file coords20.cif (mmCIF, N, CA, C and O atoms)
data_upload
#
loop_
_atom_site.group_PDB
_atom_site.id
_atom_site.type_symbol
_atom_site.label_atom_id
_atom_site.label_comp_id
_atom_site.auth_asym_id
_atom_site.auth_seq_id
_atom_site.Cartn_x
_atom_site.Cartn_y
_atom_site.Cartn_z
ATOM 1 N N MET A 76 99.991 81.664 101.779
ATOM 2 C CA MET A 76 101.297 82.147 101.372
ATOM 3 C C MET A 76 102.270 81.982 102.549
ATOM 4 O O MET A 76 101.933 82.247 103.694
ATOM 5 N N LYS A 77 103.458 81.534 102.246
ATOM 6 C CA LYS A 77 104.506 81.408 103.261
ATOM 7 C C LYS A 77 105.260 82.729 103.392
ATOM 8 O O LYS A 77 105.231 83.567 102.487
ATOM 9 N N ILE A 78 105.952 82.879 104.510
ATOM 10 C CA ILE A 78 106.753 84.082 104.733
ATOM 11 C C ILE A 78 107.816 84.205 103.648
ATOM 12 O O ILE A 78 108.068 85.295 103.140
ATOM 13 N N SER A 79 108.429 83.096 103.265
ATOM 14 C CA SER A 79 109.457 83.143 102.222
ATOM 15 C C SER A 79 108.875 83.629 100.890
ATOM 16 O O SER A 79 109.531 84.356 100.144
ATOM 17 N N ASP A 80 107.619 83.253 100.591
ATOM 18 C CA ASP A 80 106.960 83.729 99.365
ATOM 19 C C ASP A 80 106.751 85.243 99.428
ATOM 20 O O ASP A 80 106.965 85.951 98.449
ATOM 21 N N LEU A 81 106.326 85.722 100.587
ATOM 22 C CA LEU A 81 106.129 87.163 100.769
ATOM 23 C C LEU A 81 107.447 87.915 100.617
ATOM 24 O O LEU A 81 107.506 88.955 99.966
ATOM 25 N N MET A 82 108.511 87.370 101.190
ATOM 26 C CA MET A 82 109.823 88.004 101.078
ATOM 27 C C MET A 82 110.283 88.026 99.621
ATOM 28 O O MET A 82 110.809 89.040 99.157
ATOM 29 N N ASP A 83 110.068 86.949 98.890
ATOM 30 C CA ASP A 83 110.416 86.909 97.458
ATOM 31 C C ASP A 83 109.646 87.970 96.681
ATOM 32 O O ASP A 83 110.198 88.632 95.809
ATOM 33 N N PHE A 84 108.361 88.119 96.994
ATOM 34 C CA PHE A 84 107.545 89.130 96.334
ATOM 35 C C PHE A 84 108.108 90.531 96.586
ATOM 36 O O PHE A 84 108.268 91.322 95.672
ATOM 37 N N PHE A 85 108.434 90.821 97.850
ATOM 38 C CA PHE A 85 108.980 92.134 98.184
ATOM 39 C C PHE A 85 110.322 92.369 97.509
ATOM 40 O O PHE A 85 110.602 93.474 97.048
ATOM 41 N N VAL A 86 111.158 91.353 97.440
ATOM 42 C CA VAL A 86 112.468 91.496 96.789
ATOM 43 C C VAL A 86 112.288 91.807 95.309
ATOM 44 O O VAL A 86 112.967 92.677 94.768
ATOM 45 N N ARG A 87 111.364 91.112 94.645
ATOM 46 C CA ARG A 87 111.129 91.376 93.223
ATOM 47 C C ARG A 87 110.506 92.758 92.996
ATOM 48 O O ARG A 87 110.847 93.455 92.055
ATOM 49 N N PHE A 88 109.613 93.141 93.874
ATOM 50 C CA PHE A 88 108.917 94.418 93.731
ATOM 51 C C PHE A 88 109.820 95.601 94.089
ATOM 52 O O PHE A 88 109.766 96.640 93.454
ATOM 53 N N LEU A 89 110.663 95.429 95.097
ATOM 54 C CA LEU A 89 111.509 96.520 95.589
ATOM 55 C C LEU A 89 112.986 96.191 95.417
ATOM 56 O O LEU A 89 113.807 96.504 96.268
ATOM 57 N N ARG A 90 113.346 95.589 94.323
ATOM 58 C CA ARG A 90 114.702 95.063 94.138
ATOM 59 C C ARG A 90 115.807 96.090 94.314
ATOM 60 O O ARG A 90 116.916 95.742 94.668
ATOM 61 N N LYS A 91 115.546 97.351 94.082
ATOM 62 C CA LYS A 91 116.593 98.360 94.220
ATOM 63 C C LYS A 91 116.750 98.857 95.645
ATOM 64 O O LYS A 91 117.758 99.451 95.984
ATOM 65 N N THR A 92 115.730 98.614 96.474
ATOM 66 C CA THR A 92 115.784 99.180 97.827
ATOM 67 C C THR A 92 115.735 98.144 98.939
ATOM 68 O O THR A 92 115.811 98.500 100.095
ATOM 69 N N LEU A 93 115.598 96.875 98.622
ATOM 70 C CA LEU A 93 115.497 95.841 99.647
ATOM 71 C C LEU A 93 116.690 94.894 99.540
ATOM 72 O O LEU A 93 117.036 94.465 98.444
ATOM 73 N N THR A 94 117.305 94.575 100.662
ATOM 74 C CA THR A 94 118.447 93.671 100.634
ATOM 75 C C THR A 94 118.037 92.297 101.171
ATOM 76 O O THR A 94 117.508 92.188 102.267
ATOM 77 N N VAL A 95 118.262 91.266 100.378
ATOM 78 C CA VAL A 95 117.861 89.905 100.717
ATOM 79 C C VAL A 95 118.632 89.385 101.925
ATOM 80 O O VAL A 95 118.048 88.803 102.834
ATOM 81 N N LYS A 96 119.937 89.583 101.947
ATOM 82 C CA LYS A 96 120.749 89.060 103.047
ATOM 83 C C LYS A 96 120.316 89.652 104.388
ATOM 84 O O LYS A 96 120.254 88.963 105.389
ATOM 85 N N LYS A 97 120.014 90.942 104.390
ATOM 86 C CA LYS A 97 119.590 91.589 105.618
ATOM 87 C C LYS A 97 118.240 91.039 106.078
ATOM 88 O O LYS A 97 118.023 90.815 107.264
ATOM 89 N N THR A 98 117.341 90.790 105.133
ATOM 90 C CA THR A 98 116.031 90.236 105.459
ATOM 91 C C THR A 98 116.178 88.859 106.095
ATOM 92 O O THR A 98 115.585 88.583 107.138
ATOM 93 N N GLU A 99 116.975 88.005 105.491
ATOM 94 C CA GLU A 99 117.185 86.658 106.028
ATOM 95 C C GLU A 99 117.873 86.709 107.386
ATOM 96 O O GLU A 99 117.529 85.954 108.290
ATOM 97 N N GLY A 100 118.837 87.599 107.529
ATOM 98 C CA GLY A 100 119.545 87.733 108.800
ATOM 99 C C GLY A 100 118.637 88.189 109.924
ATOM 100 O O GLY A 100 118.710 87.667 111.044
ATOM 101 N N MET A 101 117.755 89.141 109.635
ATOM 102 C CA MET A 101 116.827 89.606 110.662
ATOM 103 C C MET A 101 115.822 88.524 111.030
ATOM 104 O O MET A 101 115.452 88.380 112.195
ATOM 105 N N CYS A 102 115.379 87.740 110.060
ATOM 106 C CA CYS A 102 114.464 86.628 110.350
ATOM 107 C C CYS A 102 115.133 85.601 111.252
ATOM 108 O O CYS A 102 114.521 85.099 112.199
ATOM 109 N N ASP A 103 116.391 85.303 110.983
ATOM 110 C CA ASP A 103 117.124 84.363 111.828
ATOM 111 C C ASP A 103 117.266 84.907 113.246
ATOM 112 O O ASP A 103 117.057 84.181 114.220
ATOM 113 N N THR A 104 117.608 86.174 113.366
ATOM 114 C CA THR A 104 117.805 86.788 114.678
ATOM 115 C C THR A 104 116.515 86.811 115.484
ATOM 116 O O THR A 104 116.522 86.552 116.686
ATOM 117 N N LEU A 105 115.404 87.107 114.831
ATOM 118 C CA LEU A 105 114.111 87.168 115.525
ATOM 119 C C LEU A 105 113.416 85.813 115.608
ATOM 120 O O LEU A 105 112.284 85.721 116.065
ATOM 121 N N LYS A 106 114.107 84.765 115.155
ATOM 122 C CA LYS A 106 113.592 83.392 115.194
ATOM 123 C C LYS A 106 112.256 83.256 114.462
ATOM 124 O O LYS A 106 111.292 82.711 114.976
ATOM 125 N N ILE A 107 112.229 83.780 113.250
ATOM 126 C CA ILE A 107 111.048 83.672 112.400
ATOM 127 C C ILE A 107 111.276 82.546 111.408
ATOM 128 O O ILE A 107 112.233 82.569 110.644
ATOM 129 N N ASN A 108 110.400 81.562 111.433
ATOM 130 C CA ASN A 108 110.481 80.441 110.503
ATOM 131 C C ASN A 108 109.899 80.901 109.173
ATOM 132 O O ASN A 108 108.687 81.105 109.041
ATOM 133 N N THR A 109 110.744 81.076 108.183
ATOM 134 C CA THR A 109 110.297 81.604 106.891
ATOM 135 C C THR A 109 109.463 80.601 106.091
ATOM 136 O O THR A 109 108.882 80.963 105.081
ATOM 137 N N GLU A 110 109.384 79.361 106.543
ATOM 138 C CA GLU A 110 108.561 78.370 105.861
ATOM 139 C C GLU A 110 107.162 78.287 106.464
ATOM 140 O O GLU A 110 106.312 77.539 105.971
ATOM 141 N N ALA A 111 106.889 79.074 107.499
ATOM 142 C CA ALA A 111 105.562 79.084 108.128
ATOM 143 C C ALA A 111 104.587 79.873 107.257
ATOM 144 O O ALA A 111 104.967 80.807 106.563
ATOM 145 N N LYS A 112 103.333 79.471 107.319
ATOM 146 C CA LYS A 112 102.299 80.206 106.582
ATOM 147 C C LYS A 112 101.907 81.439 107.384
ATOM 148 O O LYS A 112 101.822 81.401 108.605
ATOM 149 N N ILE A 113 101.678 82.522 106.675
ATOM 150 C CA ILE A 113 101.376 83.796 107.323
ATOM 151 C C ILE A 113 100.103 83.706 108.160
ATOM 152 O O ILE A 113 100.048 84.223 109.270
ATOM 153 N N LYS A 114 99.087 83.014 107.656
ATOM 154 C CA LYS A 114 97.818 82.953 108.383
ATOM 155 C C LYS A 114 97.930 82.163 109.696
ATOM 156 O O LYS A 114 97.086 82.303 110.563
ATOM 157 N N SER A 115 98.993 81.378 109.853
ATOM 158 C CA SER A 115 99.157 80.597 111.077
ATOM 159 C C SER A 115 99.955 81.338 112.151
ATOM 160 O O SER A 115 100.098 80.836 113.266
ATOM 161 N N LEU A 116 100.453 82.533 111.850
ATOM 162 C CA LEU A 116 101.286 83.278 112.799
ATOM 163 C C LEU A 116 100.451 84.015 113.826
ATOM 164 O O LEU A 116 99.319 84.422 113.558
ATOM 165 N N SER A 117 101.051 84.217 114.988
ATOM 166 C CA SER A 117 100.414 85.040 116.010
ATOM 167 C C SER A 117 100.508 86.505 115.598
ATOM 168 O O SER A 117 101.252 86.864 114.679
ATOM 169 N N LYS A 118 99.782 87.350 116.312
ATOM 170 C CA LYS A 118 99.813 88.786 115.997
ATOM 171 C C LYS A 118 101.235 89.336 116.131
ATOM 172 O O LYS A 118 101.702 90.096 115.298
ATOM 173 N N GLY A 119 101.934 88.925 117.172
ATOM 174 C CA GLY A 119 103.298 89.392 117.395
ATOM 175 C C GLY A 119 104.249 88.974 116.292
ATOM 176 O O GLY A 119 105.085 89.761 115.844
ATOM 177 N N ASN A 120 104.135 87.734 115.832
ATOM 178 C CA ASN A 120 105.005 87.261 114.754
ATOM 179 C C ASN A 120 104.675 87.925 113.429
ATOM 180 O O ASN A 120 105.567 88.187 112.623
ATOM 181 N N LYS A 121 103.410 88.217 113.184
ATOM 182 C CA LYS A 121 103.045 88.952 111.974
ATOM 183 C C LYS A 121 103.676 90.341 112.003
ATOM 184 O O LYS A 121 104.184 90.831 110.992
ATOM 185 N N GLU A 122 103.662 90.969 113.173
ATOM 186 C CA GLU A 122 104.271 92.293 113.296
ATOM 187 C C GLU A 122 105.784 92.219 113.112
ATOM 188 O O GLU A 122 106.381 93.127 112.532
ATOM 189 N N LYS A 123 106.395 91.148 113.587
ATOM 190 C CA LYS A 123 107.839 90.966 113.379
ATOM 191 C C LYS A 123 108.154 90.874 111.890
ATOM 192 O O LYS A 123 109.114 91.481 111.409
ATOM 193 N N VAL A 124 107.352 90.097 111.153
ATOM 194 C CA VAL A 124 107.568 89.941 109.709
ATOM 195 C C VAL A 124 107.415 91.288 109.013
ATOM 196 O O VAL A 124 108.242 91.661 108.177
ATOM 197 N N GLN A 125 106.378 92.028 109.370
ATOM 198 C CA GLN A 125 106.170 93.342 108.772
ATOM 199 C C GLN A 125 107.342 94.263 109.079
ATOM 200 O O GLN A 125 107.822 94.985 108.208
ATOM 201 N N LEU A 126 107.812 94.221 110.313
ATOM 202 C CA LEU A 126 108.932 95.071 110.714
ATOM 203 C C LEU A 126 110.208 94.693 109.960
ATOM 204 O O LEU A 126 110.961 95.565 109.529
ATOM 205 N N VAL A 127 110.453 93.410 109.778
ATOM 206 C CA VAL A 127 111.628 92.956 109.026
ATOM 207 C C VAL A 127 111.577 93.496 107.599
ATOM 208 O O VAL A 127 112.561 94.034 107.091
ATOM 209 N N LEU A 128 110.421 93.376 106.962
ATOM 210 C CA LEU A 128 110.300 93.840 105.579
ATOM 211 C C LEU A 128 110.471 95.350 105.464
ATOM 212 O O LEU A 128 111.050 95.840 104.503
ATOM 213 N N VAL A 129 110.008 96.074 106.449
ATOM 214 C CA VAL A 129 110.164 97.530 106.421
ATOM 215 C C VAL A 129 111.603 97.932 106.715
ATOM 216 O O VAL A 129 112.196 98.758 106.011
ATOM 217 N N MET A 130 112.197 97.355 107.738
ATOM 218 C CA MET A 130 113.527 97.773 108.176
ATOM 219 C C MET A 130 114.638 97.316 107.233
ATOM 220 O O MET A 130 115.747 97.843 107.292
ATOM 221 N N CYS A 131 114.365 96.378 106.360
ATOM 222 C CA CYS A 131 115.380 95.919 105.418
ATOM 223 C C CYS A 131 115.440 96.763 104.156
ATOM 224 O O CYS A 131 116.273 96.527 103.297
ATOM 225 N N ARG A 132 114.584 97.738 104.064
ATOM 226 C CA ARG A 132 114.651 98.662 102.922
ATOM 227 C C ARG A 132 115.733 99.685 103.176
ATOM 228 O O ARG A 132 116.005 100.060 104.307
ATOM 229 N N LYS A 133 116.352 100.133 102.119
ATOM 230 C CA LYS A 133 117.371 101.175 102.219
ATOM 231 C C LYS A 133 116.664 102.525 102.197
ATOM 232 O O LYS A 133 116.415 103.080 101.140
ATOM 233 N N ALA A 134 116.329 103.027 103.381
ATOM 234 C CA ALA A 134 115.624 104.304 103.476
ATOM 235 C C ALA A 134 116.366 105.216 104.442
ATOM 236 O O ALA A 134 117.051 104.751 105.351
ATOM 237 N N GLN A 135 116.213 106.494 104.248
ATOM 238 C CA GLN A 135 116.849 107.456 105.145
ATOM 239 C C GLN A 135 116.012 107.700 106.388
ATOM 240 O O GLN A 135 116.531 108.087 107.419
ATOM 241 N N LEU A 136 114.706 107.473 106.300
ATOM 242 C CA LEU A 136 113.810 107.755 107.407
ATOM 243 C C LEU A 136 112.702 106.708 107.447
ATOM 244 O O LEU A 136 112.134 106.348 106.418
ATOM 245 N N TYR A 137 112.412 106.220 108.646
ATOM 246 C CA TYR A 137 111.321 105.272 108.850
ATOM 247 C C TYR A 137 110.302 105.915 109.791
ATOM 248 O O TYR A 137 110.666 106.371 110.875
ATOM 249 N N LEU A 138 109.036 105.955 109.400
ATOM 250 C CA LEU A 138 107.961 106.433 110.253
ATOM 251 C C LEU A 138 107.101 105.229 110.611
ATOM 252 O O LEU A 138 106.463 104.638 109.741
ATOM 253 N N LEU A 139 107.093 104.864 111.883
ATOM 254 C CA LEU A 139 106.373 103.679 112.330
ATOM 255 C C LEU A 139 105.354 104.067 113.403
ATOM 256 O O LEU A 139 105.662 104.848 114.301
ATOM 257 N N ASP A 140 104.164 103.506 113.332
ATOM 258 C CA ASP A 140 103.128 103.765 114.308
ATOM 259 C C ASP A 140 102.878 102.496 115.100
ATOM 260 O O ASP A 140 102.279 101.550 114.589
ATOM 261 N N GLU A 141 103.351 102.454 116.325
ATOM 262 C CA GLU A 141 103.236 101.292 117.212
ATOM 263 C C GLU A 141 103.655 99.994 116.521
ATOM 264 O O GLU A 141 102.877 99.050 116.413
ATOM 265 N N PRO A 142 104.900 99.917 116.079
ATOM 266 C CA PRO A 142 105.329 98.740 115.313
ATOM 267 C C PRO A 142 105.501 97.473 116.150
ATOM 268 O O PRO A 142 105.524 96.389 115.596
ATOM 269 N N ILE A 143 105.600 97.611 117.458
ATOM 270 C CA ILE A 143 105.861 96.419 118.272
ATOM 271 C C ILE A 143 104.813 96.221 119.360
ATOM 272 O O ILE A 143 105.095 95.676 120.415
ATOM 273 N N ALA A 144 103.581 96.625 119.113
ATOM 274 C CA ALA A 144 102.513 96.521 120.108
ATOM 275 C C ALA A 144 102.244 95.063 120.513
ATOM 276 O O ALA A 144 102.006 94.783 121.676
ATOM 277 N N GLY A 145 102.293 94.129 119.581
ATOM 278 C CA GLY A 145 101.985 92.740 119.887
ATOM 279 C C GLY A 145 103.201 91.838 120.017
ATOM 280 O O GLY A 145 103.068 90.628 120.127
ATOM 281 N N VAL A 146 104.390 92.427 120.040
ATOM 282 C CA VAL A 146 105.633 91.649 120.083
ATOM 283 C C VAL A 146 106.003 91.346 121.536
ATOM 284 O O VAL A 146 105.817 92.172 122.421
ATOM 285 N N ASP A 147 106.545 90.158 121.772
ATOM 286 C CA ASP A 147 106.920 89.758 123.125
ATOM 287 C C ASP A 147 108.054 90.645 123.665
ATOM 288 O O ASP A 147 108.819 91.226 122.907
ATOM 289 N N PRO A 148 108.159 90.756 125.004
ATOM 290 C CA PRO A 148 109.139 91.670 125.617
ATOM 291 C C PRO A 148 110.597 91.412 125.224
ATOM 292 O O PRO A 148 111.367 92.355 125.057
ATOM 293 N N ALA A 149 110.991 90.164 125.066
ATOM 294 C CA ALA A 149 112.383 89.869 124.688
ATOM 295 C C ALA A 149 112.692 90.400 123.294
ATOM 296 O O ALA A 149 113.758 90.989 123.058
ATOM 297 N N ALA A 150 111.773 90.225 122.371
ATOM 298 C CA ALA A 150 111.976 90.728 121.011
ATOM 299 C C ALA A 150 111.908 92.253 120.983
ATOM 300 O O ALA A 150 112.630 92.882 120.222
ATOM 301 N N ARG A 151 111.078 92.842 121.856
ATOM 302 C CA ARG A 151 111.013 94.305 121.936
ATOM 303 C C ARG A 151 112.373 94.899 122.297
ATOM 304 O O ARG A 151 112.798 95.892 121.738
ATOM 305 N N ASP A 152 113.023 94.279 123.278
ATOM 306 C CA ASP A 152 114.345 94.772 123.693
ATOM 307 C C ASP A 152 115.336 94.710 122.533
ATOM 308 O O ASP A 152 116.116 95.627 122.343
ATOM 309 N N PHE A 153 115.285 93.639 121.757
ATOM 310 C CA PHE A 153 116.183 93.502 120.617
ATOM 311 C C PHE A 153 115.882 94.558 119.557
ATOM 312 O O PHE A 153 116.786 95.203 119.030
ATOM 313 N N ILE A 154 114.612 94.720 119.263
ATOM 314 C CA ILE A 154 114.208 95.656 118.210
ATOM 315 C C ILE A 154 114.541 97.064 118.628
ATOM 316 O O ILE A 154 115.049 97.864 117.890
#
call {"tool": "encode", "arguments": {"input": "coords20.cif", "output": "structure tokens"}}
result
Amino acid sequence: MKISDLMDFFVRFLRKTLTVKKTEGMCDTLKINTEAKIKSLSKGNKEKVQLVLVMCRKAQLYLLDEPIAGVDPAARDFI
């Protein structure tokens, strides 16, 4: 499965709470290639994808447990 396929699935499943434009914008900012296959990603990039999908939901509160443990230092500063 590609990242774009996963994002499409989340948009269809959570259509009332997930914003597509925000998801695409965060992927661009974090330099995530949405055409890459998920199984080919490093641990840090997988965590970035998970974080993008979580943070693009319209929620009042986010509870995260070590969301950036495998993310590189430059991306950590941004996040």
call {"tool": "residues_around", "arguments": {"input": "coords20.cif", "residues": "stretch 77-79 of chain A", "least_positions_apart": "5", "cutoff": "8 Å", "atoms": "only N, CA, C and O atoms", "output": "PDB file with N, CA, C and O atoms, in the frame of the given file"}}
result
ATOM      1  N   PHE A  84     108.361  88.119  96.994  1.00  0.00           N
ATOM      2  CA  PHE A  84     107.545  89.130  96.334  1.00  0.00           C
ATOM      3  C   PHE A  84     108.108  90.531  96.586  1.00  0.00           C
ATOM      4  O   PHE A  84     108.268  91.322  95.672  1.00  0.00           O
ATOM      5  N   PHE A  85     108.434  90.821  97.850  1.00  0.00           N
ATOM      6  CA  PHE A  85     108.980  92.134  98.184  1.00  0.00           C
ATOM      7  C   PHE A  85     110.322  92.369  97.509  1.00  0.00           C
ATOM      8  O   PHE A  85     110.602  93.474  97.048  1.00  0.00           O
ATOM      9  N   VAL A  86     111.158  91.353  97.440  1.00  0.00           N
ATOM     10  CA  VAL A  86     112.468  91.496  96.789  1.00  0.00           C
ATOM     11  C   VAL A  86     112.288  91.807  95.309  1.00  0.00           C
ATOM     12  O   VAL A  86     112.967  92.677  94.768  1.00  0.00           O
ATOM     13  N   ASN A 108     110.400  81.562 111.433  1.00  0.00           N
ATOM     14  CA  ASN A 108     110.481  80.441 110.503  1.00  0.00           C
ATOM     15  C   ASN A 108     109.899  80.901 109.173  1.00  0.00           C
ATOM     16  O   ASN A 108     108.687  81.105 109.041  1.00  0.00           O
ATOM     17  N   THR A 109     110.744  81.076 108.183  1.00  0.00           N
ATOM     18  CA  THR A 109     110.297  81.604 106.891  1.00  0.00           C
ATOM     19  C   THR A 109     109.463  80.601 106.091  1.00  0.00           C
ATOM     20  O   THR A 109     108.882  80.963 105.081  1.00  0.00           O
ATOM     21  N   GLU A 110     109.384  79.361 106.543  1.00  0.00           N
ATOM     22  CA  GLU A 110     108.561  78.370 105.861  1.00  0.00           C
ATOM     23  C   GLU A 110     107.162  78.287 106.464  1.00  0.00           C
ATOM     24  O   GLU A 110     106.312  77.539 105.971  1.00  0.00           O
ATOM     25  N   ALA A 111     106.889  79.074 107.499  1.00  0.00           N
ATOM     26  CA  ALA A 111     105.562  79.084 108.128  1.00  0.00           C
ATOM     27  C   ALA A 111     104.587  79.873 107.257  1.00  0.00           C
ATOM     28  O   ALA A 111     104.967  80.807 106.563  1.00  0.00           O
ATOM     29  N   LYS A 112     103.333  79.471 107.319  1.00  0.00           N
ATOM     30  CA  LYS A 112     102.299  80.206 106.582  1.00  0.00           C
ATOM     31  C   LYS A 112     101.907  81.439 107.384  1.00  0.00           C
ATOM     32  O   LYS A 112     101.822  81.401 108.605  1.00  0.00           O
ATOM     33  N   ILE A 113     101.678  82.522 106.675  1.00  0.00           N
ATOM     34  CA  ILE A 113     101.376  83.796 107.323  1.00  0.00           C
ATOM     35  C   ILE A 113     100.103  83.706 108.160  1.00  0.00           C
ATOM     36  O   ILE A 113     100.048  84.223 109.270  1.00  0.00           O
ATOM     37  N   LYS A 114      99.087  83.014 107.656  1.00  0.00           N
ATOM     38  CA  LYS A 114      97.818  82.953 108.383  1.00  0.00           C
ATOM     39  C   LYS A 114      97.930  82.163 109.696  1.00  0.00           C
ATOM     40  O   LYS A 114      97.086  82.303 110.563  1.00  0.00           O
ATOM     41  N   VAL A 124     107.352  90.097 111.153  1.00  0.00           N
ATOM     42  CA  VAL A 124     107.568  89.941 109.709  1.00  0.00           C
ATOM     43  C   VAL A 124     107.415  91.288 109.013  1.00  0.00           C
ATOM     44  O   VAL A 124     108.242  91.661 108.177  1.00  0.00           O
TER      45      VAL A 124
END
call {"tool": "atom_distance", "arguments": {"input": "coords20.cif", "atom1": "atom N of A:Ala134", "atom2": "atom N of A:Ser115"}}
result
28.5 Å
call {"tool": "select_by_dssp", "arguments": {"input": "coords20.cif", "residues": "stretch 118-148 of chain A", "states": "alpha helix (DSSP H)", "output": "list of chain:residue names"}}
result
A:Lys118, A:Gly119, A:Asn120, A:Lys121, A:Glu122, A:Lys123, A:Val124, A:Gln125, A:Leu126, A:Val127, A:Leu128, A:Val129, A:Met130, A:Pro148
call {"tool": "residues_around", "arguments": {"input": "coords20.cif", "residues": "stretch 142-148 of chain A", "least_positions_apart": "3", "cutoff": "4.5 Å", "atoms": "only N, CA, C and O atoms", "output": "VMD selection string"}}
result
chain A and resid 119 151 to 152
call {"tool": "closest_residue", "arguments": {"input": "coords20.cif", "among": "A:Leu116, A:Thr104, A:Leu89, A:Met82", "to": "A:Phe153", "atoms": "only N, CA, C and O atoms"}}
result
A:Thr104
call {"tool": "select_by_dssp", "arguments": {"input": "coords20.cif", "residues": "chain A", "states": "strand (DSSP E or B)", "output": "PyMOL selection string"}}
result
chain A and resi 77+93+112+132
call {"tool": "atom_distance", "arguments": {"input": "coords20.cif", "atom1": "atom CA of A:Gln135", "atom2": "atom O of A:Met101"}}
result
20.4 Å
